[in-house]
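Chemist: My structure file start.tsv, TSV, N, CA and C atoms and all ligand atoms, is below:
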chain	number	residue	atom	x	y	z
B	217	MET	N	126.36	118.58	90.54
B	217	MET	CA	127.05	118.40	89.26
B	217	MET	C	127.16	119.74	88.54
B	218	ASP	N	128.32	119.97	87.97
B	218	ASP	CA	128.64	121.26	87.37
B	218	ASP	C	129.33	121.03	86.03
B	219	ILE	N	128.97	121.84	85.02
B	219	ILE	CA	129.65	121.71	83.73
B	219	ILE	C	130.28	123.04	83.35
B	220	LYS	N	131.58	123.00	83.10
B	220	LYS	CA	132.28	124.20	82.68
B	220	LYS	C	133.31	123.83	81.63
B	221	ASN	N	133.32	124.54	80.52
B	221	ASN	CA	134.26	124.28	79.43
B	221	ASN	C	134.30	122.80	79.03
B	222	GLY	N	133.14	122.19	78.99
B	222	GLY	CA	133.09	120.79	78.57
B	222	GLY	C	133.56	119.80	79.62
B	223	ILE	N	133.84	120.28	80.82
B	223	ILE	CA	134.28	119.37	81.88
B	223	ILE	C	133.16	119.26	82.92
B	224	VAL	N	132.80	118.02	83.20
B	224	VAL	CA	131.74	117.78	84.17
B	224	VAL	C	132.36	117.52	85.53
B	225	ALA	N	131.93	118.24	86.53
B	225	ALA	CA	132.41	118.02	87.88
B	225	ALA	C	131.31	117.36	88.69
B	226	ILE	N	131.59	116.15	89.17
B	226	ILE	CA	130.59	115.39	89.91
B	226	ILE	C	131.04	115.26	91.36
B	227	GLU	N	130.21	115.71	92.27
B	227	GLU	CA	130.46	115.44	93.67
B	227	GLU	C	130.21	113.96	93.89
B	228	ASP	N	130.97	113.35	94.77
B	228	ASP	CA	130.77	111.92	94.99
B	228	ASP	C	129.61	111.68	95.96
B	229	THR	N	128.42	112.02	95.50
B	229	THR	CA	127.20	111.77	96.29
B	229	THR	C	126.19	111.10	95.36
B	230	PRO	N	125.29	110.28	95.91
B	230	PRO	CA	124.27	109.62	95.07
B	230	PRO	C	123.48	110.63	94.24
B	231	GLU	N	123.15	111.76	94.85
B	231	GLU	CA	122.37	112.79	94.17
B	231	GLU	C	123.10	113.34	92.94
B	232	SER	N	124.37	113.61	93.10
B	232	SER	CA	125.17	114.17	92.02
B	232	SER	C	125.34	113.15	90.88
B	233	TRP	N	125.55	111.88	91.22
B	233	TRP	CA	125.66	110.85	90.19
B	233	TRP	C	124.33	110.69	89.45
B	234	ARG	N	123.21	110.85	90.19
B	234	ARG	CA	121.91	110.73	89.54
B	234	ARG	C	121.72	111.86	88.53
B	235	LYS	N	122.16	113.06	88.90
B	235	LYS	CA	122.06	114.18	87.97
B	235	LYS	C	122.92	113.94	86.74
B	236	PHE	N	124.07	113.34	86.95
B	236	PHE	CA	124.95	113.00	85.83
B	236	PHE	C	124.25	112.00	84.90
B	237	ALA	N	123.57	111.01	85.47
B	237	ALA	CA	122.82	110.04	84.67
B	237	ALA	C	121.74	110.75	83.86
B	238	ASP	N	121.04	111.69	84.47
B	238	ASP	CA	120.02	112.47	83.77
B	238	ASP	C	120.64	113.25	82.63
B	239	TYR	N	121.78	113.84	82.91
B	239	TYR	CA	122.49	114.64	81.91
B	239	TYR	C	122.87	113.77	80.70
B	240	LEU	N	123.41	112.57	80.98
B	240	LEU	CA	123.84	111.67	79.90
B	240	LEU	C	122.66	111.17	79.07
B	241	SER	N	121.51	111.00	79.70
B	241	SER	CA	120.39	110.37	79.02
B	241	SER	C	119.89	111.23	77.85
B	242	GLY	N	120.17	112.51	77.88
B	242	GLY	CA	119.75	113.34	76.76
B	242	GLY	C	120.83	113.56	75.71
B	243	LYS	N	121.96	112.86	75.87
B	243	LYS	CA	123.12	113.10	75.00
B	243	LYS	C	123.40	111.92	74.09
B	244	PRO	N	124.11	112.16	72.98
B	244	PRO	CA	124.59	111.02	72.20
B	244	PRO	C	125.58	110.20	73.03
B	245	LYS	N	125.78	108.95	72.66
B	245	LYS	CA	126.67	108.07	73.40
B	245	LYS	C	128.07	108.65	73.51
B	246	LEU	N	128.69	108.49	74.66
B	246	LEU	CA	130.06	108.97	74.84
B	246	LEU	C	131.02	108.08	74.04
B	247	PRO	N	132.13	108.64	73.55
B	247	PRO	CA	133.15	107.80	72.91
B	247	PRO	C	133.58	106.71	73.89
B	248	SER	N	133.89	105.51	73.39
B	248	SER	CA	134.06	104.38	74.31
B	248	SER	C	135.23	104.57	75.27
B	249	ALA	N	136.29	105.27	74.86
B	249	ALA	CA	137.42	105.51	75.78
B	249	ALA	C	136.97	106.39	76.95
B	250	VAL	N	136.16	107.38	76.64
B	250	VAL	CA	135.63	108.27	77.69
B	250	VAL	C	134.69	107.48	78.60
B	251	TRP	N	133.85	106.69	77.96
B	251	TRP	CA	132.88	105.90	78.71
B	251	TRP	C	133.58	104.99	79.71
B	252	LYS	N	134.66	104.32	79.24
B	252	LYS	CA	135.42	103.41	80.10
B	252	LYS	C	135.96	104.15	81.31
B	253	LYS	N	136.46	105.35	81.07
B	253	LYS	CA	137.03	106.16	82.14
B	253	LYS	C	135.94	106.53	83.16
B	254	VAL	N	134.81	106.97	82.62
B	254	VAL	CA	133.69	107.37	83.48
B	254	VAL	C	133.24	106.19	84.35
B	255	TRP	N	133.14	105.00	83.71
B	255	TRP	CA	132.66	103.84	84.44
B	255	TRP	C	133.65	103.46	85.54
B	256	LYS	N	134.94	103.56	85.23
B	256	LYS	CA	135.95	103.23	86.24
B	256	LYS	C	135.88	104.22	87.41
B	257	LEU	N	135.70	105.49	87.10
B	257	LEU	CA	135.57	106.50	88.16
B	257	LEU	C	134.38	106.17	89.07
B	258	TYR	N	133.28	105.76	88.43
B	258	TYR	CA	132.11	105.42	89.22
B	258	TYR	C	132.38	104.18	90.07
B	259	MET	N	132.99	103.17	89.45
B	259	MET	CA	133.28	101.93	90.19
B	259	MET	C	134.23	102.19	91.37
B	260	ASP	N	135.06	103.20	91.28
B	260	ASP	CA	136.00	103.55	92.35
B	260	ASP	C	135.41	104.56	93.34
B	261	SER	N	134.19	105.01	93.09
B	261	SER	CA	133.63	106.10	93.91
B	261	SER	C	133.11	105.57	95.25
B	262	LYS	N	133.04	106.48	96.21
B	262	LYS	CA	132.47	106.17	97.53
B	262	LYS	C	130.99	105.83	97.38
B	263	THR	N	130.33	106.51	96.43
B	263	THR	CA	128.90	106.27	96.21
B	263	THR	C	128.66	104.82	95.82
B	264	TRP	N	129.47	104.32	94.88
B	264	TRP	CA	129.32	102.92	94.45
B	264	TRP	C	129.71	101.97	95.57
B	265	GLU	N	130.79	102.28	96.25
B	265	GLU	CA	131.27	101.40	97.32
B	265	GLU	C	130.18	101.22	98.38
B	266	ALA	N	129.53	102.33	98.76
B	266	ALA	CA	128.48	102.25	99.77
B	266	ALA	C	127.31	101.41	99.27
B	267	LYS	N	126.97	101.59	97.98
B	267	LYS	CA	125.85	100.86	97.41
B	267	LYS	C	126.17	99.37	97.33
B	268	ALA	N	127.38	99.06	96.87
B	268	ALA	CA	127.80	97.66	96.75
B	268	ALA	C	127.79	96.99	98.12
B	269	ASN	N	128.22	97.74	99.15
B	269	ASN	CA	128.21	97.18	100.50
B	269	ASN	C	126.79	96.90	100.98
B	270	ARG	N	125.86	97.79	100.63
B	270	ARG	CA	124.46	97.56	101.03
B	270	ARG	C	123.89	96.32	100.35
B	271	VAL	N	124.28	96.11	99.10
B	271	VAL	CA	123.80	94.93	98.37
B	271	VAL	C	124.34	93.65	99.03
B	272	LYS	N	125.65	93.67	99.37
B	272	LYS	CA	126.25	92.49	100.00
B	272	LYS	C	125.62	92.21	101.36
B	273	GLU	N	125.33	93.28	102.09
B	273	GLU	CA	124.66	93.14	103.38
B	273	GLU	C	123.28	92.51	103.19
B	274	ARG	N	122.53	93.04	102.21
B	274	ARG	CA	121.19	92.50	101.93
B	274	ARG	C	121.27	91.01	101.64
B	275	ASP	N	122.32	90.61	100.89
B	275	ASP	CA	122.48	89.20	100.50
B	275	ASP	C	123.26	88.40	101.54
B	276	ASN	N	123.40	88.97	102.76
B	276	ASN	CA	124.11	88.30	103.85
B	276	ASN	C	125.52	87.87	103.48
B	277	PHE	N	126.18	88.68	102.68
B	277	PHE	CA	127.56	88.42	102.26
B	277	PHE	C	127.70	87.01	101.71
B	278	GLN	N	126.73	86.62	100.92
B	278	GLN	CA	126.70	85.28	100.35
B	278	GLN	C	126.49	85.40	98.85
B	279	CYS	N	127.29	84.65	98.09
B	279	CYS	CA	127.12	84.65	96.63
B	279	CYS	C	125.73	84.13	96.29
B	280	GLN	N	125.01	84.86	95.47
B	280	GLN	CA	123.65	84.47	95.11
B	280	GLN	C	123.64	83.47	93.95
B	281	GLY	N	124.84	83.13	93.45
B	281	GLY	CA	124.94	82.11	92.42
B	281	GLY	C	125.13	80.74	93.04
B	282	CYS	N	126.18	80.61	93.87
B	282	CYS	CA	126.56	79.29	94.40
B	282	CYS	C	126.44	79.20	95.92
B	283	GLY	N	126.16	80.32	96.58
B	283	GLY	CA	125.96	80.26	98.03
B	283	GLY	C	127.22	80.41	98.87
B	284	THR	N	128.38	80.52	98.22
B	284	THR	CA	129.63	80.65	98.97
B	284	THR	C	129.65	81.93	99.80
B	285	ILE	N	130.28	81.86	100.96
B	285	ILE	CA	130.56	83.07	101.74
B	285	ILE	C	132.07	83.20	101.93
B	286	SER	N	132.47	84.29	102.54
B	286	SER	CA	133.87	84.56	102.88
B	286	SER	C	134.82	84.42	101.69
B	287	VAL	N	134.39	84.89	100.56
B	287	VAL	CA	135.29	85.03	99.41
B	287	VAL	C	135.10	86.44	98.88
B	288	GLN	N	135.90	86.81	97.90
B	288	GLN	CA	135.76	88.11	97.25
B	288	GLN	C	134.38	88.18	96.58
B	289	LEU	N	133.58	89.16	97.00
B	289	LEU	CA	132.23	89.27	96.43
B	289	LEU	C	132.10	90.53	95.57
B	290	ASN	N	131.28	90.44	94.56
B	290	ASN	CA	131.05	91.55	93.64
B	290	ASN	C	129.57	91.91	93.64
B	291	ALA	N	129.28	93.18	93.48
B	291	ALA	CA	127.89	93.60	93.27
B	291	ALA	C	127.69	93.66	91.76
B	292	HIS	N	127.00	92.66	91.25
B	292	HIS	CA	126.80	92.53	89.81
B	292	HIS	C	125.53	93.25	89.36
B	293	HIS	N	125.59	93.93	88.22
B	293	HIS	CA	124.42	94.61	87.67
B	293	HIS	C	123.51	93.60	86.98
B	294	GLU	N	122.31	93.43	87.49
B	294	GLU	CA	121.31	92.61	86.80
B	294	GLU	C	120.73	93.40	85.64
B	295	THR	N	120.72	94.69	85.79
B	295	THR	CA	120.21	95.56	84.75
B	295	THR	C	120.99	96.87	84.79
B	296	TYR	N	121.14	97.48	83.62
B	296	TYR	CA	121.84	98.76	83.56
B	296	TYR	C	120.89	99.93	83.30
B	297	VAL	N	119.60	99.70	83.53
B	297	VAL	CA	118.66	100.78	83.22
B	297	VAL	C	118.83	101.99	84.13
B	298	ARG	N	119.38	101.77	85.32
B	298	ARG	CA	119.61	102.90	86.23
B	298	ARG	C	121.09	103.06	86.53
B	299	ARG	N	121.91	103.03	85.51
B	299	ARG	CA	123.34	103.26	85.67
B	299	ARG	C	123.60	104.53	86.45
B	300	PHE	N	124.51	104.48	87.39
B	300	PHE	CA	124.91	105.61	88.25
B	300	PHE	C	123.87	105.93	89.33
B	301	CYS	N	122.69	105.35	89.22
B	301	CYS	CA	121.70	105.59	90.28
B	301	CYS	C	120.89	104.31	90.47
B	302	GLU	N	121.62	103.19	90.55
B	302	GLU	CA	120.98	101.88	90.68
B	302	GLU	C	120.17	101.78	91.97
B	303	LYS	N	119.08	101.03	91.85
B	303	LYS	CA	118.37	100.61	93.06
B	303	LYS	C	118.99	99.30	93.50
B	304	LEU	N	118.83	98.98	94.78
B	304	LEU	CA	119.45	97.74	95.27
B	304	LEU	C	118.93	96.52	94.52
B	305	GLU	N	117.68	96.59	94.08
B	305	GLU	CA	117.10	95.46	93.37
B	305	GLU	C	117.72	95.26	91.98
B	306	ASP	N	118.48	96.23	91.51
B	306	ASP	CA	119.17	96.10	90.22
B	306	ASP	C	120.46	95.30	90.34
B	307	LEU	N	120.85	95.02	91.58
B	307	LEU	CA	122.18	94.46	91.84
B	307	LEU	C	122.10	93.14	92.57
B	308	LEU	N	123.14	92.33	92.38
B	308	LEU	CA	123.15	90.97	92.93
B	308	LEU	C	124.57	90.66	93.40
B	309	THR	N	124.69	90.04	94.57
B	309	THR	CA	126.00	89.66	95.09
B	309	THR	C	126.46	88.35	94.45
B	310	LEU	N	127.65	88.40	93.82
B	310	LEU	CA	128.20	87.20	93.21
B	310	LEU	C	129.68	87.05	93.57
B	311	CYS	N	130.15	85.81	93.75
B	311	CYS	CA	131.57	85.58	93.95
B	311	CYS	C	132.29	85.76	92.61
B	312	ASP	N	133.64	85.78	92.67
B	312	ASP	CA	134.40	86.00	91.44
B	312	ASP	C	134.07	84.97	90.35
B	313	ASP	N	133.98	83.70	90.76
B	313	ASP	CA	133.73	82.64	89.78
B	313	ASP	C	132.37	82.80	89.11
B	314	CYS	N	131.33	83.00	89.93
B	314	CYS	CA	129.99	83.16	89.37
B	314	CYS	C	129.92	84.45	88.55
B	315	HIS	N	130.63	85.48	89.02
B	315	HIS	CA	130.60	86.75	88.30
B	315	HIS	C	131.24	86.60	86.93
B	316	ARG	N	132.40	85.93	86.89
B	316	ARG	CA	133.05	85.69	85.59
B	316	ARG	C	132.13	84.92	84.67
B	317	GLY	N	131.40	83.95	85.27
B	317	GLY	CA	130.46	83.16	84.49
B	317	GLY	C	129.42	84.01	83.78
B	318	THR	N	128.93	85.03	84.48
B	318	THR	CA	127.88	85.84	83.87
B	318	THR	C	128.41	86.70	82.74
B	319	HIS	N	129.74	86.95	82.73
B	319	HIS	CA	130.30	87.84	81.71
B	319	HIS	C	131.18	87.08	80.72
B	320	LYS	N	131.28	85.74	80.84
B	320	LYS	CA	132.36	85.05	80.14
B	320	LYS	C	132.24	85.06	78.62
B	321	ASP	N	131.05	85.23	78.09
B	321	ASP	CA	130.96	85.26	76.63
B	321	ASP	C	131.20	86.67	76.10
B	322	GLY	N	131.62	87.57	76.98
B	322	GLY	CA	131.98	88.91	76.53
B	322	GLY	C	130.75	89.79	76.31
B	323	LEU	N	129.58	89.26	76.59
B	323	LEU	CA	128.37	90.05	76.38
B	323	LEU	C	127.90	90.63	77.69
B	324	ILE	N	127.25	91.74	77.60
B	324	ILE	CA	126.63	92.32	78.78
B	324	ILE	C	125.13	92.09	78.64
B	325	TYR	N	124.54	91.47	79.65
B	325	TYR	CA	123.13	91.16	79.59
B	325	TYR	C	122.31	92.27	80.21
B	326	ILE	N	121.35	92.72	79.50
B	326	ILE	CA	120.50	93.79	79.99
B	326	ILE	C	119.05	93.31	80.04
B	327	LYS	N	118.54	93.33	81.25
B	327	LYS	CA	117.14	92.93	81.43
B	327	LYS	C	116.26	94.11	81.05
B	328	LEU	N	115.36	93.91	80.11
B	328	LEU	CA	114.59	95.03	79.58
B	328	LEU	C	113.25	95.26	80.29
B	329	THR	N	112.96	94.41	81.26
B	329	THR	CA	111.67	94.60	81.95
B	329	THR	C	111.89	95.01	83.40
A	401	ZN	ZN	129.39	82.00	93.43
A	402	ZN	ZN	128.75	91.92	86.73
Take the structure in this file and express it as structure tokens.

Modeler:
Amino acid sequence: MDIKNGIVAIEDTPESWRKFADYLSGKPKLPSAVWKKVWKLYMDSKTWEAKANRVKERDNFQCQGCGTISVQLNAHHETYVRRFCEKLEDLLTLCDDCHRGTHKDGLIYIKLT
């Protein structure tokens, strides 16, 4: 990870994203438009894709809400305490329906323990 003229350059590797998380943790909150962009970049990254695939593999490509297989599956964040450097235990495989269910009231649930 590199910072020049206020621009952060992140290599798409787990290590580089972890450094970015460390960097953010000492900073005031990013403006929400910037934050949205950052989150989308992460969600589109190879690092996230590889992690999400490992979570689905761990869960045998089965929704952990309803047990369905062979549908569109999502790696859902059970906790955001390790954003950008999640451990597999922070994530859960959910189908679209179950995933929407967890977010349907518009709130993001954060497990504090
Ligand atoms: Zn489901
Ligand atoms: Zn989710």

Chemist: Given all atoms listed in the file as the basis, pick out the residue of B:Ser261, B:Ser248, B:Thr295, B:Thr309 nearest to B:Cys282.

Modeler: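 That would be B:Thr309, the residue with the smallest distance to B:Cys282.
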
Chemist: One decimal, in Å: what's the spacing between atom CA of B:His293 and atom CA of B:Glu305?

Modeler: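 Computing the Euclidean distance for atom CA of B:His293 and atom CA of B:Glu305 yields 9.3 Å.
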
Chemist: For stretch 226-234 of chain B, list every protein, DNA or RNA residue within 5 Å, evaluated using only N, CA and C atoms, and leave out those in the same chain fewer than 3 positions away; present the list as a VMD selection string.

Modeler: chain B and resid 217 237 to 238 300

Chemist: Write down as JSON, numbers by chain the residues belonging to chain B that are assigned strand (DSSP E or B) by DSSP computed on the backbone.

Modeler: {"B": [218, 219, 220, 223, 224, 225, 278, 285, 289, 290, 291, 292, 293, 307, 308, 309, 310, 311]}

Chemist: May I have the residues within 9 Å of ligand ZN 402 (chain A), computed using only C-alpha atoms and all ligand atoms, as JSON, numbers by chain?

Modeler: {"B": [290, 291, 292, 293, 294, 307, 308, 310, 315, 316, 318, 319, 324]}

Chemist: Throw together the list of residues within 6.5 Å of ligand ZN 401 (chain A), counting only N, CA and C atoms and all ligand atoms, and drop it here as a PDB file with N, CA and C atoms, keeping the file's coordinate frame.

Modeler:
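And here's selection-v2.pdb as it stands now:
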ATOM      1  N   CYS B 279     127.290  84.650  98.090  1.00  0.00           N
ATOM      2  CA  CYS B 279     127.120  84.650  96.630  1.00  0.00           C
ATOM      3  C   CYS B 279     125.730  84.130  96.290  1.00  0.00           C
ATOM      4  N   GLN B 280     125.010  84.860  95.470  1.00  0.00           N
ATOM      5  CA  GLN B 280     123.650  84.470  95.110  1.00  0.00           C
ATOM      6  C   GLN B 280     123.640  83.470  93.950  1.00  0.00           C
ATOM      7  N   GLY B 281     124.840  83.130  93.450  1.00  0.00           N
ATOM      8  CA  GLY B 281     124.940  82.110  92.420  1.00  0.00           C
ATOM      9  C   GLY B 281     125.130  80.740  93.040  1.00  0.00           C
ATOM     10  N   CYS B 282     126.180  80.610  93.870  1.00  0.00           N
ATOM     11  CA  CYS B 282     126.560  79.290  94.400  1.00  0.00           C
ATOM     12  C   CYS B 282     126.440  79.200  95.920  1.00  0.00           C
ATOM     13  N   GLY B 283     126.160  80.320  96.580  1.00  0.00           N
ATOM     14  CA  GLY B 283     125.960  80.260  98.030  1.00  0.00           C
ATOM     15  C   GLY B 283     127.220  80.410  98.870  1.00  0.00           C
ATOM     16  N   THR B 284     128.380  80.520  98.220  1.00  0.00           N
ATOM     17  CA  THR B 284     129.630  80.650  98.970  1.00  0.00           C
ATOM     18  C   THR B 284     129.650  81.930  99.800  1.00  0.00           C
ATOM     19  N   LEU B 310     127.650  88.400  93.820  1.00  0.00           N
ATOM     20  CA  LEU B 310     128.200  87.200  93.210  1.00  0.00           C
ATOM     21  C   LEU B 310     129.680  87.050  93.570  1.00  0.00           C
ATOM     22  N   CYS B 311     130.150  85.810  93.750  1.00  0.00           N
ATOM     23  CA  CYS B 311     131.570  85.580  93.950  1.00  0.00           C
ATOM     24  C   CYS B 311     132.290  85.760  92.610  1.00  0.00           C
ATOM     25  N   ASP B 312     133.640  85.780  92.670  1.00  0.00           N
ATOM     26  CA  ASP B 312     134.400  86.000  91.440  1.00  0.00           C
ATOM     27  C   ASP B 312     134.070  84.970  90.350  1.00  0.00           C
ATOM     28  N   ASP B 313     133.980  83.700  90.760  1.00  0.00           N
ATOM     29  CA  ASP B 313     133.730  82.640  89.780  1.00  0.00           C
ATOM     30  C   ASP B 313     132.370  82.800  89.110  1.00  0.00           C
ATOM     31  N   CYS B 314     131.330  83.000  89.930  1.00  0.00           N
ATOM     32  CA  CYS B 314     129.990  83.160  89.370  1.00  0.00           C
ATOM     33  C   CYS B 314     129.920  84.450  88.550  1.00  0.00           C
ATOM     34  N   HIS B 315     130.630  85.480  89.020  1.00  0.00           N
ATOM     35  CA  HIS B 315     130.600  86.750  88.300  1.00  0.00           C
ATOM     36  C   HIS B 315     131.240  86.600  86.930  1.00  0.00           C
TER      37      HIS B 315
END

Chemist: Quick one: pull the distance between atom C of B:Leu240 and atom CA of B:Ala266, Å, one decimal.

Modeler: 23.3 Å

Chemist: Go ahead and compute the interatomic distance for atom C of B:Trp264 and atom C of B:Ser241, in Å to one decimal.

Modeler: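 We find that atom C of B:Trp264 and atom C of B:Ser241 lie 22.3 Å from each other.
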